[in-house]
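Listing of work_23.pdb; format and content: PDB, C-alpha atoms and all ligand atoms.
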```pdb
ATOM      1  CA  MET X   1     -45.163  18.066  28.277
ATOM      2  CA  THR X   2     -45.772  20.175  25.199
ATOM      3  CA  PHE X   3     -45.470  19.270  21.537
ATOM      4  CA  ALA X   4     -42.228  21.254  21.455
ATOM      5  CA  ASN X   5     -40.666  19.069  24.171
ATOM      6  CA  ILE X   6     -41.181  15.898  22.188
ATOM      7  CA  VAL X   7     -38.190  14.793  20.139
ATOM      8  CA  GLY X   8     -38.984  13.859  16.547
ATOM      9  CA  HIS X   9     -42.439  12.922  15.188
ATOM     10  CA  ASP X  10     -42.766  16.288  13.435
ATOM     11  CA  ARG X  11     -45.406  15.087  10.996
ATOM     12  CA  GLN X  12     -47.584  13.728  13.808
ATOM     13  CA  LYS X  13     -47.263  16.949  15.806
ATOM     14  CA  ASP X  14     -48.182  18.970  12.772
ATOM     15  CA  LEU X  15     -51.236  16.857  12.083
ATOM     16  CA  LEU X  16     -52.477  17.116  15.669
ATOM     17  CA  ARG X  17     -51.874  20.844  15.814
ATOM     18  CA  ARG X  18     -53.863  21.360  12.634
ATOM     19  CA  ALA X  19     -56.722  19.192  13.880
ATOM     20  CA  LEU X  20     -56.825  21.247  17.092
ATOM     21  CA  LYS X  21     -56.698  24.550  15.284
ATOM     22  CA  SER X  22     -59.457  23.707  12.849
ATOM     23  CA  ARG X  23     -61.477  22.101  15.653
ATOM     24  CA  ARG X  24     -61.582  18.863  13.725
ATOM     25  CA  LEU X  25     -60.376  16.430  16.317
ATOM     26  CA  PRO X  26     -61.792  12.971  15.725
ATOM     27  CA  HIS X  27     -63.630  11.199  18.557
ATOM     28  CA  ALA X  28     -60.894   8.618  18.828
ATOM     29  CA  TYR X  29     -57.263   8.263  17.859
ATOM     30  CA  LEU X  30     -55.114   5.176  17.686
ATOM     31  CA  PHE X  31     -51.443   6.083  18.193
ATOM     32  CA  GLU X  32     -49.612   3.014  16.938
ATOM     33  CA  GLY X  33     -45.911   2.220  16.704
ATOM     34  CA  PRO X  34     -42.944   0.700  18.538
ATOM     35  CA  GLU X  35     -42.730   0.805  22.296
ATOM     36  CA  GLY X  36     -40.901   3.660  23.952
ATOM     37  CA  VAL X  37     -40.898   6.148  21.078
ATOM     38  CA  GLY X  38     -43.131   8.750  22.755
ATOM     39  CA  LYS X  39     -46.759   7.834  21.966
ATOM     40  CA  ARG X  40     -47.833   8.390  25.556
ATOM     41  CA  LEU X  41     -46.012  11.716  25.769
ATOM     42  CA  MET X  42     -47.716  12.788  22.563
ATOM     43  CA  ALA X  43     -51.116  11.821  23.991
ATOM     44  CA  LEU X  44     -50.385  13.936  27.066
ATOM     45  CA  ALA X  45     -49.238  16.872  24.951
ATOM     46  CA  LEU X  46     -52.464  16.599  22.967
ATOM     47  CA  THR X  47     -54.512  16.477  26.169
ATOM     48  CA  ARG X  48     -52.782  19.543  27.463
ATOM     49  CA  ALA X  49     -53.532  21.444  24.269
ATOM     50  CA  VAL X  50     -57.190  20.387  24.464
ATOM     51  CA  PHE X  51     -57.594  21.484  28.094
ATOM     52  CA  CYS X  52     -55.353  24.576  28.060
ATOM     53  CA  ARG X  53     -56.937  27.977  28.719
ATOM     54  CA  GLU X  54     -54.780  29.331  25.889
ATOM     55  CA  LYS X  55     -55.688  26.355  23.694
ATOM     56  CA  ARG X  56     -52.056  25.552  22.945
ATOM     57  CA  GLY X  57     -50.698  23.702  25.967
ATOM     58  CA  CYS X  58     -48.971  26.758  27.408
ATOM     59  CA  GLY X  59     -47.638  24.902  30.461
ATOM     60  CA  ASP X  60     -48.488  27.738  32.834
ATOM     61  CA  CYS X  61     -52.268  27.731  33.216
ATOM     62  CA  ALA X  62     -53.998  25.647  35.868
ATOM     63  CA  ALA X  63     -55.341  23.197  33.279
ATOM     64  CA  CYS X  64     -51.880  22.475  31.845
ATOM     65  CA  ARG X  65     -50.430  21.975  35.294
ATOM     66  CA  LYS X  66     -53.167  19.569  36.272
ATOM     67  CA  VAL X  67     -52.452  17.444  33.203
ATOM     68  CA  ASP X  68     -48.765  17.372  34.120
ATOM     69  CA  HIS X  69     -49.623  16.228  37.625
ATOM     70  CA  HIS X  70     -52.134  13.681  36.362
ATOM     71  CA  ASN X  71     -54.879  15.216  38.469
ATOM     72  CA  HIS X  72     -57.097  16.904  35.925
ATOM     73  CA  PRO X  73     -60.655  15.740  36.663
ATOM     74  CA  ASP X  74     -61.468  15.355  32.946
ATOM     75  CA  LEU X  75     -58.433  13.204  32.133
ATOM     76  CA  HIS X  76     -58.881   9.464  32.513
ATOM     77  CA  PHE X  77     -56.293   6.727  32.132
ATOM     78  CA  ILE X  78     -56.797   3.065  31.550
ATOM     79  CA  GLU X  79     -53.808   0.769  31.974
ATOM     80  CA  ALA X  80     -53.534  -2.997  32.140
ATOM     81  CA  ASP X  81     -54.405  -4.446  35.505
ATOM     82  CA  GLY X  82     -51.875  -7.291  35.494
ATOM     83  CA  SER X  83     -51.564  -8.562  31.932
ATOM     84  CA  GLN X  84     -55.000  -7.437  30.759
ATOM     85  CA  ILE X  85     -57.340  -4.501  30.612
ATOM     86  CA  LYS X  86     -60.552  -5.837  32.104
ATOM     87  CA  ILE X  87     -64.190  -5.105  31.422
ATOM     88  CA  GLU X  88     -64.720  -3.554  34.868
ATOM     89  CA  GLN X  89     -62.170  -0.889  33.944
ATOM     90  CA  VAL X  90     -64.001  -0.084  30.723
ATOM     91  CA  ARG X  91     -67.359  -0.002  32.566
ATOM     92  CA  ALA X  92     -65.932   2.419  35.135
ATOM     93  CA  LEU X  93     -64.709   4.618  32.294
ATOM     94  CA  GLN X  94     -68.080   4.521  30.561
ATOM     95  CA  LYS X  95     -69.716   5.688  33.752
ATOM     96  CA  GLU X  96     -67.269   8.603  33.985
ATOM     97  CA  LEU X  97     -67.848   9.510  30.357
ATOM     98  CA  SER X  98     -71.606   9.643  30.898
ATOM     99  CA  TYR X  99     -71.136  12.791  33.009
ATOM    100  CA  ARG X 100     -70.380  16.204  31.580
ATOM    101  CA  PRO X 101     -66.781  17.404  31.727
ATOM    102  CA  LEU X 102     -66.067  19.281  34.949
ATOM    103  CA  GLU X 103     -63.484  21.855  33.932
ATOM    104  CA  ALA X 104     -62.694  21.430  30.242
ATOM    105  CA  ASP X 105     -64.857  21.304  27.112
ATOM    106  CA  LYS X 106     -64.094  17.647  26.701
ATOM    107  CA  LYS X 107     -63.188  14.582  28.634
ATOM    108  CA  VAL X 108     -60.053  12.817  27.430
ATOM    109  CA  CYS X 109     -59.367   9.155  27.994
ATOM    110  CA  ILE X 110     -55.970   7.602  27.273
ATOM    111  CA  VAL X 111     -55.910   3.813  26.964
ATOM    112  CA  ASP X 112     -52.314   2.644  27.309
ATOM    113  CA  ASP X 113     -51.322  -0.694  25.730
ATOM    114  CA  ALA X 114     -54.782  -0.946  24.205
ATOM    115  CA  ASP X 115     -53.827  -4.327  22.719
ATOM    116  CA  LYS X 116     -54.157  -5.696  26.257
ATOM    117  CA  LEU X 117     -57.925  -5.158  26.244
ATOM    118  CA  ASN X 118     -59.332  -8.615  26.812
ATOM    119  CA  PRO X 119     -62.137  -9.641  24.423
ATOM    120  CA  ALA X 120     -64.974  -8.599  26.761
ATOM    121  CA  ALA X 121     -63.321  -5.264  27.534
ATOM    122  CA  GLY X 122     -62.609  -4.682  23.849
ATOM    123  CA  ASN X 123     -66.234  -5.263  22.915
ATOM    124  CA  ALA X 124     -67.406  -2.960  25.682
ATOM    125  CA  LEU X 125     -65.056  -0.201  24.533
ATOM    126  CA  LEU X 126     -66.224  -0.726  20.969
ATOM    127  CA  LYS X 127     -69.714   0.306  22.051
ATOM    128  CA  THR X 128     -68.344   3.615  23.346
ATOM    129  CA  LEU X 129     -66.453   4.142  20.098
ATOM    130  CA  GLU X 130     -69.587   3.386  18.079
ATOM    131  CA  GLU X 131     -71.634   5.988  19.912
ATOM    132  CA  PRO X 132     -69.201   8.891  20.055
ATOM    133  CA  ARG X 133     -70.021  12.063  21.965
ATOM    134  CA  ASP X 134     -68.721  15.442  20.965
ATOM    135  CA  ASN X 135     -67.372  16.080  24.424
ATOM    136  CA  THR X 136     -65.185  12.968  24.501
ATOM    137  CA  LEU X 137     -61.762  12.230  23.040
ATOM    138  CA  ILE X 138     -60.372   8.714  23.358
ATOM    139  CA  VAL X 139     -56.714   8.042  22.569
ATOM    140  CA  LEU X 140     -55.651   4.420  22.275
ATOM    141  CA  LEU X 141     -51.931   3.644  22.408
ATOM    142  CA  SER X 142     -50.559   0.401  21.048
ATOM    143  CA  SER X 143     -47.305  -1.157  19.924
ATOM    144  CA  ARG X 144     -49.211  -4.169  18.567
ATOM    145  CA  PRO X 145     -52.258  -2.696  16.823
ATOM    146  CA  ASP X 146     -52.845  -5.952  14.927
ATOM    147  CA  MET X 147     -53.910  -7.480  18.257
ATOM    148  CA  LEU X 148     -56.820  -5.057  18.545
ATOM    149  CA  LEU X 149     -60.294  -5.893  17.285
ATOM    150  CA  SER X 150     -60.429  -4.743  13.671
ATOM    151  CA  THR X 151     -63.724  -3.025  14.500
ATOM    152  CA  ILE X 152     -61.920  -0.938  17.139
ATOM    153  CA  ARG X 153     -59.156  -0.019  14.708
ATOM    154  CA  SER X 154     -61.646   1.089  12.079
ATOM    155  CA  ARG X 155     -63.431   3.375  14.549
ATOM    156  CA  CYS X 156     -60.249   5.318  15.310
ATOM    157  CA  GLN X 157     -58.206   7.751  13.325
ATOM    158  CA  ARG X 158     -54.885   5.930  13.095
ATOM    159  CA  LEU X 159     -51.675   7.823  13.604
ATOM    160  CA  PRO X 160     -48.559   5.734  13.015
ATOM    161  CA  PHE X 161     -45.349   6.505  14.921
ATOM    162  CA  SER X 162     -41.971   5.261  13.788
ATOM    163  CA  ARG X 163     -38.691   4.781  15.603
ATOM    164  CA  ILE X 164     -36.698   7.880  16.402
ATOM    165  CA  GLU X 165     -33.899   8.425  13.926
ATOM    166  CA  ARG X 166     -30.566   7.246  15.246
ATOM    167  CA  LYS X 167     -29.068  10.709  14.801
ATOM    168  CA  ARG X 168     -31.812  12.427  16.835
ATOM    169  CA  LEU X 169     -31.565   9.795  19.557
ATOM    170  CA  LEU X 170     -27.790  10.242  19.667
ATOM    171  CA  GLU X 171     -28.148  13.995  20.177
ATOM    172  CA  VAL X 172     -30.578  13.520  23.048
ATOM    173  CA  LEU X 173     -28.428  10.840  24.687
ATOM    174  CA  CYS X 174     -25.327  13.013  24.568
ATOM    175  CA  GLU X 175     -27.341  15.860  26.069
ATOM    176  CA  GLN X 176     -29.022  13.898  28.841
ATOM    177  CA  LEU X 177     -26.509  11.238  29.805
ATOM    178  CA  ASP X 178     -22.902  11.519  30.735
ATOM    179  CA  LEU X 179     -21.673   9.298  27.925
ATOM    180  CA  ASP X 180     -18.737   9.666  25.620
ATOM    181  CA  GLU X 181     -19.421   9.703  21.898
ATOM    182  CA  THR X 182     -18.601   6.022  21.373
ATOM    183  CA  GLU X 183     -20.913   4.893  24.165
ATOM    184  CA  ALA X 184     -23.709   7.165  22.977
ATOM    185  CA  HIS X 185     -23.326   5.804  19.448
ATOM    186  CA  ILE X 186     -23.581   2.197  20.676
ATOM    187  CA  LEU X 187     -26.544   2.917  22.927
ATOM    188  CA  ALA X 188     -28.409   4.845  20.237
ATOM    189  CA  SER X 189     -27.844   2.036  17.740
ATOM    190  CA  LEU X 190     -28.958  -0.764  20.028
ATOM    191  CA  ALA X 191     -31.963   1.112  21.367
ATOM    192  CA  GLU X 192     -33.421   1.037  17.851
ATOM    193  CA  GLY X 193     -35.148   4.343  18.167
ATOM    194  CA  SER X 194     -36.681   3.702  21.561
ATOM    195  CA  PHE X 195     -36.086   6.205  24.337
ATOM    196  CA  LYS X 196     -37.387   3.735  26.830
ATOM    197  CA  LYS X 197     -34.644   1.289  25.903
ATOM    198  CA  ALA X 198     -31.889   3.876  25.733
ATOM    199  CA  LEU X 199     -32.693   5.490  29.043
ATOM    200  CA  GLY X 200     -34.030   2.491  30.945
ATOM    201  CA  LYS X 201     -32.645  -0.702  32.371
ATOM    202  CA  ASP X 202     -30.902  -1.686  29.149
ATOM    203  CA  ARG X 203     -28.369   1.087  29.368
ATOM    204  CA  GLU X 204     -25.824  -0.762  31.491
ATOM    205  CA  LEU X 205     -26.351  -3.933  29.491
ATOM    206  CA  PHE X 206     -25.901  -2.216  26.152
ATOM    207  CA  VAL X 207     -22.943  -0.062  27.084
ATOM    208  CA  ARG X 208     -20.818  -2.280  29.331
ATOM    209  CA  THR X 209     -22.071  -5.831  29.782
ATOM    210  CA  ARG X 210     -22.207  -6.086  25.988
ATOM    211  CA  ARG X 211     -18.395  -6.069  25.703
ATOM    212  CA  GLU X 212     -18.106  -8.892  28.207
ATOM    213  CA  LEU X 213     -20.802 -10.954  26.473
ATOM    214  CA  LEU X 214     -19.212 -10.560  23.054
ATOM    215  CA  ARG X 215     -15.773 -11.359  24.455
ATOM    216  CA  THR X 216     -17.069 -14.615  25.899
ATOM    217  CA  LEU X 217     -19.003 -15.468  22.753
ATOM    218  CA  THR X 218     -16.086 -14.920  20.399
ATOM    219  CA  GLY X 219     -13.752 -16.806  22.757
ATOM    220  CA  LEU X 220     -15.787 -19.999  22.473
ATOM    221  CA  THR X 221     -14.887 -22.760  20.036
ATOM    222  CA  SER X 222     -16.857 -25.806  19.014
ATOM    223  CA  GLY X 223     -14.465 -27.855  21.158
ATOM    224  CA  SER X 224     -15.121 -25.884  24.339
ATOM    225  CA  VAL X 225     -18.223 -27.755  25.413
ATOM    226  CA  LEU X 226     -18.160 -27.028  29.124
ATOM    227  CA  PRO X 227     -17.620 -23.240  28.848
ATOM    228  CA  LEU X 228     -20.315 -23.173  26.188
ATOM    229  CA  LEU X 229     -22.845 -24.903  28.443
ATOM    230  CA  GLU X 230     -21.946 -22.615  31.331
ATOM    231  CA  PHE X 231     -22.342 -19.557  29.149
ATOM    232  CA  ALA X 232     -25.712 -20.833  27.909
ATOM    233  CA  GLU X 233     -26.871 -21.309  31.486
ATOM    234  CA  LYS X 234     -25.845 -17.783  32.387
ATOM    235  CA  LEU X 235     -27.584 -16.258  29.373
ATOM    236  CA  ALA X 236     -30.780 -18.229  29.890
ATOM    237  CA  GLN X 237     -31.146 -17.167  33.530
ATOM    238  CA  ASP X 238     -33.152 -14.009  33.065
ATOM    239  CA  LYS X 239     -35.961 -14.300  30.585
ATOM    240  CA  ASP X 240     -36.485 -10.528  30.434
ATOM    241  CA  VAL X 241     -32.875  -9.790  29.550
ATOM    242  CA  LEU X 242     -32.331 -12.648  27.104
ATOM    243  CA  PRO X 243     -34.093 -10.945  24.142
ATOM    244  CA  ASP X 244     -31.772  -7.949  24.577
ATOM    245  CA  ILE X 245     -28.736 -10.237  24.662
ATOM    246  CA  ILE X 246     -29.928 -11.832  21.425
ATOM    247  CA  GLU X 247     -30.169  -8.313  19.976
ATOM    248  CA  ILE X 248     -26.599  -7.604  21.036
ATOM    249  CA  PHE X 249     -25.386 -10.781  19.304
ATOM    250  CA  GLN X 250     -27.383  -9.831  16.209
ATOM    251  CA  SER X 251     -25.788  -6.389  16.186
ATOM    252  CA  PHE X 252     -22.346  -8.008  16.269
ATOM    253  CA  TYR X 253     -23.002 -10.317  13.326
ATOM    254  CA  ARG X 254     -24.612  -7.492  11.350
ATOM    255  CA  ASP X 255     -21.443  -5.496  12.022
ATOM    256  CA  LEU X 256     -19.349  -8.367  10.662
ATOM    257  CA  LEU X 257     -21.435  -8.385   7.519
ATOM    258  CA  LEU X 258     -21.225  -4.621   7.018
ATOM    259  CA  TYR X 259     -17.503  -4.656   7.757
ATOM    260  CA  ARG X 260     -16.875  -7.392   5.189
ATOM    261  CA  HIS X 261     -18.651  -5.287   2.611
ATOM    262  CA  GLY X 262     -16.527  -2.257   3.353
ATOM    263  CA  ARG X 263     -19.297  -0.123   4.860
ATOM    264  CA  SER X 264     -18.349   2.908   6.902
ATOM    265  CA  GLN X 265     -17.760   2.758  10.631
ATOM    266  CA  ASP X 266     -20.813   4.962  11.223
ATOM    267  CA  GLU X 267     -23.071   2.147  10.146
ATOM    268  CA  LEU X 268     -21.634  -0.321  12.659
ATOM    269  CA  VAL X 269     -22.952  -0.669  16.198
ATOM    270  CA  ASN X 270     -20.018  -2.050  18.188
ATOM    271  CA  ILE X 271     -17.482   0.561  17.198
ATOM    272  CA  ASP X 272     -15.509   0.007  20.389
ATOM    273  CA  LEU X 273     -14.715  -3.543  19.211
ATOM    274  CA  LEU X 274     -13.293  -2.848  15.760
ATOM    275  CA  ASN X 275     -10.284  -5.116  16.322
ATOM    276  CA  LYS X 276     -12.525  -7.995  17.228
ATOM    277  CA  ILE X 277     -14.820  -7.297  14.275
ATOM    278  CA  HIS X 278     -11.794  -7.290  11.967
ATOM    279  CA  ARG X 279     -10.418 -10.532  13.421
ATOM    280  CA  VAL X 280     -13.690 -12.473  13.482
ATOM    281  CA  SER X 281     -14.866 -11.331  10.065
ATOM    282  CA  ASN X 282     -11.665 -12.739   8.540
ATOM    283  CA  ALA X 283     -12.594 -16.156   9.868
ATOM    284  CA  GLU X 284     -16.146 -16.015   8.492
ATOM    285  CA  SER X 285     -17.729 -15.949   5.058
ATOM    286  CA  THR X 286     -20.782 -13.955   4.055
ATOM    287  CA  SER X 287     -22.880 -17.100   3.990
ATOM    288  CA  SER X 288     -21.647 -18.301   7.403
ATOM    289  CA  ILE X 289     -22.575 -14.917   8.916
ATOM    290  CA  LEU X 290     -25.984 -14.960   7.267
ATOM    291  CA  GLY X 291     -26.546 -18.450   8.655
ATOM    292  CA  LYS X 292     -25.769 -17.233  12.165
ATOM    293  CA  LEU X 293     -28.047 -14.242  11.822
ATOM    294  CA  THR X 294     -30.832 -16.575  10.716
ATOM    295  CA  ALA X 295     -30.232 -18.780  13.769
ATOM    296  CA  LEU X 296     -30.385 -15.717  16.052
ATOM    297  CA  ASP X 297     -33.563 -14.543  14.438
ATOM    298  CA  ALA X 298     -35.151 -17.977  14.890
ATOM    299  CA  VAL X 299     -34.266 -18.085  18.591
ATOM    300  CA  GLY X 300     -35.535 -14.537  19.061
ATOM    301  CA  ARG X 301     -38.911 -15.678  17.761
ATOM    302  CA  GLN X 302     -38.890 -18.939  19.766
ATOM    303  CA  LEU X 303     -38.396 -16.965  22.965
ATOM    304  CA  THR X 304     -41.746 -15.247  22.541
ATOM    305  CA  ARG X 305     -43.273 -18.726  22.886
ATOM    306  CA  ASN X 306     -42.991 -21.104  25.762
ATOM    307  CA  VAL X 307     -39.706 -22.876  24.981
ATOM    308  CA  ASN X 308     -36.978 -24.406  27.127
ATOM    309  CA  ARG X 309     -34.748 -21.338  27.204
ATOM    310  CA  GLN X 310     -31.551 -23.049  28.184
ATOM    311  CA  LEU X 311     -31.864 -25.685  25.489
ATOM    312  CA  ALA X 312     -32.659 -23.044  22.863
ATOM    313  CA  VAL X 313     -29.585 -21.024  23.879
ATOM    314  CA  GLU X 314     -27.314 -24.090  23.899
ATOM    315  CA  VAL X 315     -28.384 -24.972  20.363
ATOM    316  CA  LEU X 316     -27.893 -21.364  19.326
ATOM    317  CA  LEU X 317     -24.368 -21.143  20.764
ATOM    318  CA  LEU X 318     -23.348 -24.382  19.070
ATOM    319  CA  ARG X 319     -24.552 -22.857  15.820
ATOM    320  CA  LEU X 320     -22.703 -19.576  16.443
ATOM    321  CA  VAL X 321     -19.333 -21.162  17.246
ATOM    322  CA  ALA X 322     -19.438 -23.636  14.358
TER     323      ALA X 322
HETATM  324 ZN    ZN X 401     -52.165  26.097  29.363
END
```

Just dump the structure as C-alpha cells.
Ligand SMILES: [Zn+2]
Amino acid sequence: MTFANIVGHDRQKDLLRRALKSRRLPHAYLFEGPEGVGKRLMALALTRAVFCREKRGCGDCAACRKVDHHNHPDLHFIEADGSQIKIEQVRALQKELSYRPLEADKKVCIVDDADKLNPAAGNALLKTLEEPRDNTLIVLLSSRPDMLLSTIRSRCQRLPFSRIERKRLLEVLCEQLDLDETEAHILASLAEGSFKKALGKDRELFVRTRRELLRTLTGLTSGSVLPLLEFAEKLAQDKDVLPDIIEIFQSFYRDLLLYRHGRSQDELVNIDLLNKIHRVSNAESTSSILGKLTALDAVGRQLTRNVNRQLAVEVLLLRLVA
C-alpha cells in the first residue's frame, strides 16, 4: 500500500509526505474520521515510507514487502481484544518499545480503534506519549476521537479524515465491482463515503434488498396492522443490519423531499425507484416528510442504546405509514 494507491485524502497525503521529507514527523499521530474511509491504509502507507530503503515506500524493497505482509519486526499493531484494548496489551507494547528498532530507524505502532482503550490502558498509553522517544512513531486511529482521553488527544498531532466524495467512490466502485451505473450510484450514495460499507456486507442489502424493503414499506397503510407487525418483526431481527435499514428508509424520505423541491436526479439515492418516489411524494407534504425523517433519526439514535428493538420499529412504522 503506497500513498498513490489510496483513493482521495490528497491533503493528508501531502502533509505526511512533507513531514517525511523534512524529517519532521511527530512522535504520535491521531488519524480521526469516519469508519472505513482509509485511515488504516494511510497508516500503513506512512509506515512503509518510514521503513523503506528508498524512503518513499517503493513497494519493492524488503522493508516495504515486510510491511505489506505484516511481518516487519519494527511494526506493532494493537487492536481491541473483544470490545476493549486492555492494559496488558499496552504493557506488552511498552516493553517492545523499550528495545531499539531491529531493522528500521524507528519502531512504528498502529493502535486501531484507539477509542476502545479502556481507562487503565488509556492512562498507560498516555505515559508513553508523555515520554516520547525519537525512534518511536505511534499512530492512533479512531472514528470516535471524542471518546479518547483529552490528554491523549492533546499529545498527538491530529489529522482529520473526511468521507470520500461520492464521485470518487462511484469511480472506484465501477472499476472494482461488476455493477451497472444505476447500482453503482445507489451503492456510492448509501455508503456515505465509506469503502468498507460499499465493498463489505452491505452491498447486497444496499443494491437489492433495499428495493424489496422499500416496496413493503410503501405498500403498508395505517389499516394494515398485521402486515405492519410482521414487517417490524422481520426488520428487528438482526441488530447489526437494522441501522443500515434505517439508513435506507432515510435515503428514501430524503429523496422524496429533494424530488418535491425539483432537485436533479443526480442528487437522489434511489434512482431505480423514480416512479415510486413520484407516486409517494404526491401523497406527502414537506412537513409530513420532515416528520418522518425526524422519527427515523430518533430511532437511529435509540438503537445505539439498549432499547426493545421490535417495539421501537413498530412505533416507527406506525409513524411512517400515517
Ligand atoms: Zn521500499

(request) Skip Asp134 of chain X itself and residues of its chain fewer than 3 positions away, then list as a count of residues only all residues within 8 Å of it, counting all atoms listed in the file. (result) 3

(request) Any chance you could resolve the PyMOL selection byres (((chain X and resi 20) around 12) and not hetatm) against this file and give the residues as a VMD selection string? (result) chain X and resid 13 to 19 21 to 26 45 to 52 55 to 57 137

How about saving the chosen residues, C-alpha atoms kept, as a tab-separated table (two decimals), in the coordinates of the input?
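Everything below was put into again28.tsv:
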```
chain	number	residue	atom	x	y	z
X	13	LYS	CA	-47.26	16.95	15.81
X	14	ASP	CA	-48.18	18.97	12.77
X	15	LEU	CA	-51.24	16.86	12.08
X	16	LEU	CA	-52.48	17.12	15.67
X	17	ARG	CA	-51.87	20.84	15.81
X	18	ARG	CA	-53.86	21.36	12.63
X	19	ALA	CA	-56.72	19.19	13.88
X	21	LYS	CA	-56.70	24.55	15.28
X	22	SER	CA	-59.46	23.71	12.85
X	23	ARG	CA	-61.48	22.10	15.65
X	24	ARG	CA	-61.58	18.86	13.72
X	25	LEU	CA	-60.38	16.43	16.32
X	26	PRO	CA	-61.79	12.97	15.72
X	45	ALA	CA	-49.24	16.87	24.95
X	46	LEU	CA	-52.46	16.60	22.97
X	47	THR	CA	-54.51	16.48	26.17
X	48	ARG	CA	-52.78	19.54	27.46
X	49	ALA	CA	-53.53	21.44	24.27
X	50	VAL	CA	-57.19	20.39	24.46
X	51	PHE	CA	-57.59	21.48	28.09
X	52	CYS	CA	-55.35	24.58	28.06
X	55	LYS	CA	-55.69	26.36	23.69
X	56	ARG	CA	-52.06	25.55	22.94
X	57	GLY	CA	-50.70	23.70	25.97
X	137	LEU	CA	-61.76	12.23	23.04
```

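Note that the spacing between atom CA of Lys66 of chain X and atom CA of Gly38 of chain X amounts to 20.0 Å.
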
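When only C-alpha atoms and all ligand atoms are used to measure the gap to ligand ZN 401 (chain X), the shortest distance among X:Glu35, X:Leu169, X:Gly8, X:Cys61 belongs to X:Cys61.
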
(request) Write as a ChimeraX atom specification the residues around ligand ZN 401 (chain X), taking 6 Å as the cut-off and counting only C-alpha atoms and all ligand atoms. (result) /X:52-54,57-61,63-64

Could you write those residues out with C-alpha atoms, as a CSV table (one decimal), in the frame of the given file?
```csv
chain,number,residue,atom,x,y,z
X,52,CYS,CA,-55.4,24.6,28.1
X,53,ARG,CA,-56.9,28.0,28.7
X,54,GLU,CA,-54.8,29.3,25.9
X,57,GLY,CA,-50.7,23.7,26.0
X,58,CYS,CA,-49.0,26.8,27.4
X,59,GLY,CA,-47.6,24.9,30.5
X,60,ASP,CA,-48.5,27.7,32.8
X,61,CYS,CA,-52.3,27.7,33.2
X,63,ALA,CA,-55.3,23.2,33.3
X,64,CYS,CA,-51.9,22.5,31.8
```

(request) Would you list the residues near (-31.1, 3.5, 28.2) (no more than 12 Å away, in the coordinates of the file, using all atoms listed in the file) as a PyMOL selection string? (result) chain X and resi 36+169-170+172-174+176-179+183-208

(message) What would the selection look like, as a PyMOL selection string, if the PyMOL selection byres (((chain X and resi 235-252) around 7) and not hetatm) were run on the coordinates I just shared?
(response) chain X and resi 210+231-234+253-256+269-270+293+296+300+309-310+313

(request) Record the distance separating atom CA of Asn123 of chain X and atom CA of Gln12 of chain X, expressed in Å with one decimal. (result) 28.1 Å

(request) Pick out the closest residue to Ser285 of chain X from this set: X:Tyr259, X:Val7, X:Ile271, X:Val299. Count only C-alpha atoms. (result) X:Tyr259

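Note that atom CA of Thr136 of chain X and atom CA of Val108 of chain X are 5.9 Å apart.
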
(request) For the structure shown, which residues end up in the PyMOL selection byres (((chain X and resi 129) around 9) and not hetatm)? Put them as an NGL selection string, please? (result) :X and (27-28 or 125-128 or 130-133 or 138 or 152 or 155-156)

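With all atoms listed in the file as the basis for measurement, X:Glu32 is the residue among X:Ser162, X:Arg40, X:Glu32, X:Pro101 that approaches Asp115 of chain X most closely.
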
(request) Would you list the contacts of Gly223 of chain X as a count of residues only, taking every protein, DNA or RNA residue within 10 Å and counting only C-alpha atoms, but skipping same-chain residues closer than 3 positions in sequence? (result) 7

(request) For Leu141 of chain X, work out the shell of residues within 12 Å, counting all atoms listed in the file and skipping chain neighbours fewer than 2 positions away, then give it as a ChimeraX atom specification. (result) /X:28-44,77-80,109-117,138-139,143-145,148,153,156-161

For segment 201-211 of chain X, where the input has fewer atoms than it should, I would like N, CA and C atoms rebuilt and written as an mmCIF file, in the frame of the given file.
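Final file, selection_6.cif:
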```cif
data_model
loop_
_atom_site.group_PDB
_atom_site.id
_atom_site.type_symbol
_atom_site.label_atom_id
_atom_site.label_comp_id
_atom_site.auth_asym_id
_atom_site.auth_seq_id
_atom_site.Cartn_x
_atom_site.Cartn_y
_atom_site.Cartn_z
ATOM 1 N N LYS X 201 -33.481 0.326 31.761
ATOM 2 C CA LYS X 201 -32.645 -0.702 32.371
ATOM 3 C C LYS X 201 -31.585 -1.256 31.421
ATOM 4 N N ASP X 202 -31.817 -1.074 30.100
ATOM 5 C CA ASP X 202 -30.902 -1.686 29.149
ATOM 6 C C ASP X 202 -29.589 -0.933 29.019
ATOM 7 N N ARG X 203 -29.530 0.238 29.604
ATOM 8 C CA ARG X 203 -28.369 1.087 29.368
ATOM 9 C C ARG X 203 -27.061 0.401 29.781
ATOM 10 N N GLU X 204 -27.030 -0.100 30.987
ATOM 11 C CA GLU X 204 -25.824 -0.762 31.491
ATOM 12 C C GLU X 204 -25.484 -1.985 30.635
ATOM 13 N N LEU X 205 -26.530 -2.733 30.310
ATOM 14 C CA LEU X 205 -26.351 -3.933 29.491
ATOM 15 C C LEU X 205 -25.765 -3.579 28.129
ATOM 16 N N PHE X 206 -26.326 -2.562 27.503
ATOM 17 C CA PHE X 206 -25.901 -2.216 26.152
ATOM 18 C C PHE X 206 -24.509 -1.586 26.140
ATOM 19 N N VAL X 207 -24.211 -0.771 27.141
ATOM 20 C CA VAL X 207 -22.943 -0.062 27.084
ATOM 21 C C VAL X 207 -21.791 -0.938 27.591
ATOM 22 N N ARG X 208 -21.972 -1.587 28.731
ATOM 23 C CA ARG X 208 -20.818 -2.280 29.331
ATOM 24 C C ARG X 208 -20.887 -3.799 29.244
ATOM 25 N N THR X 209 -21.984 -4.371 29.762
ATOM 26 C CA THR X 209 -22.071 -5.831 29.782
ATOM 27 C C THR X 209 -21.882 -6.415 28.376
ATOM 28 N N ARG X 210 -22.331 -5.663 27.381
ATOM 29 C CA ARG X 210 -22.207 -6.086 25.988
ATOM 30 C C ARG X 210 -20.776 -6.518 25.633
ATOM 31 N N ARG X 211 -19.788 -5.739 26.037
ATOM 32 C CA ARG X 211 -18.395 -6.069 25.703
ATOM 33 C C ARG X 211 -18.011 -7.435 26.264
#
```
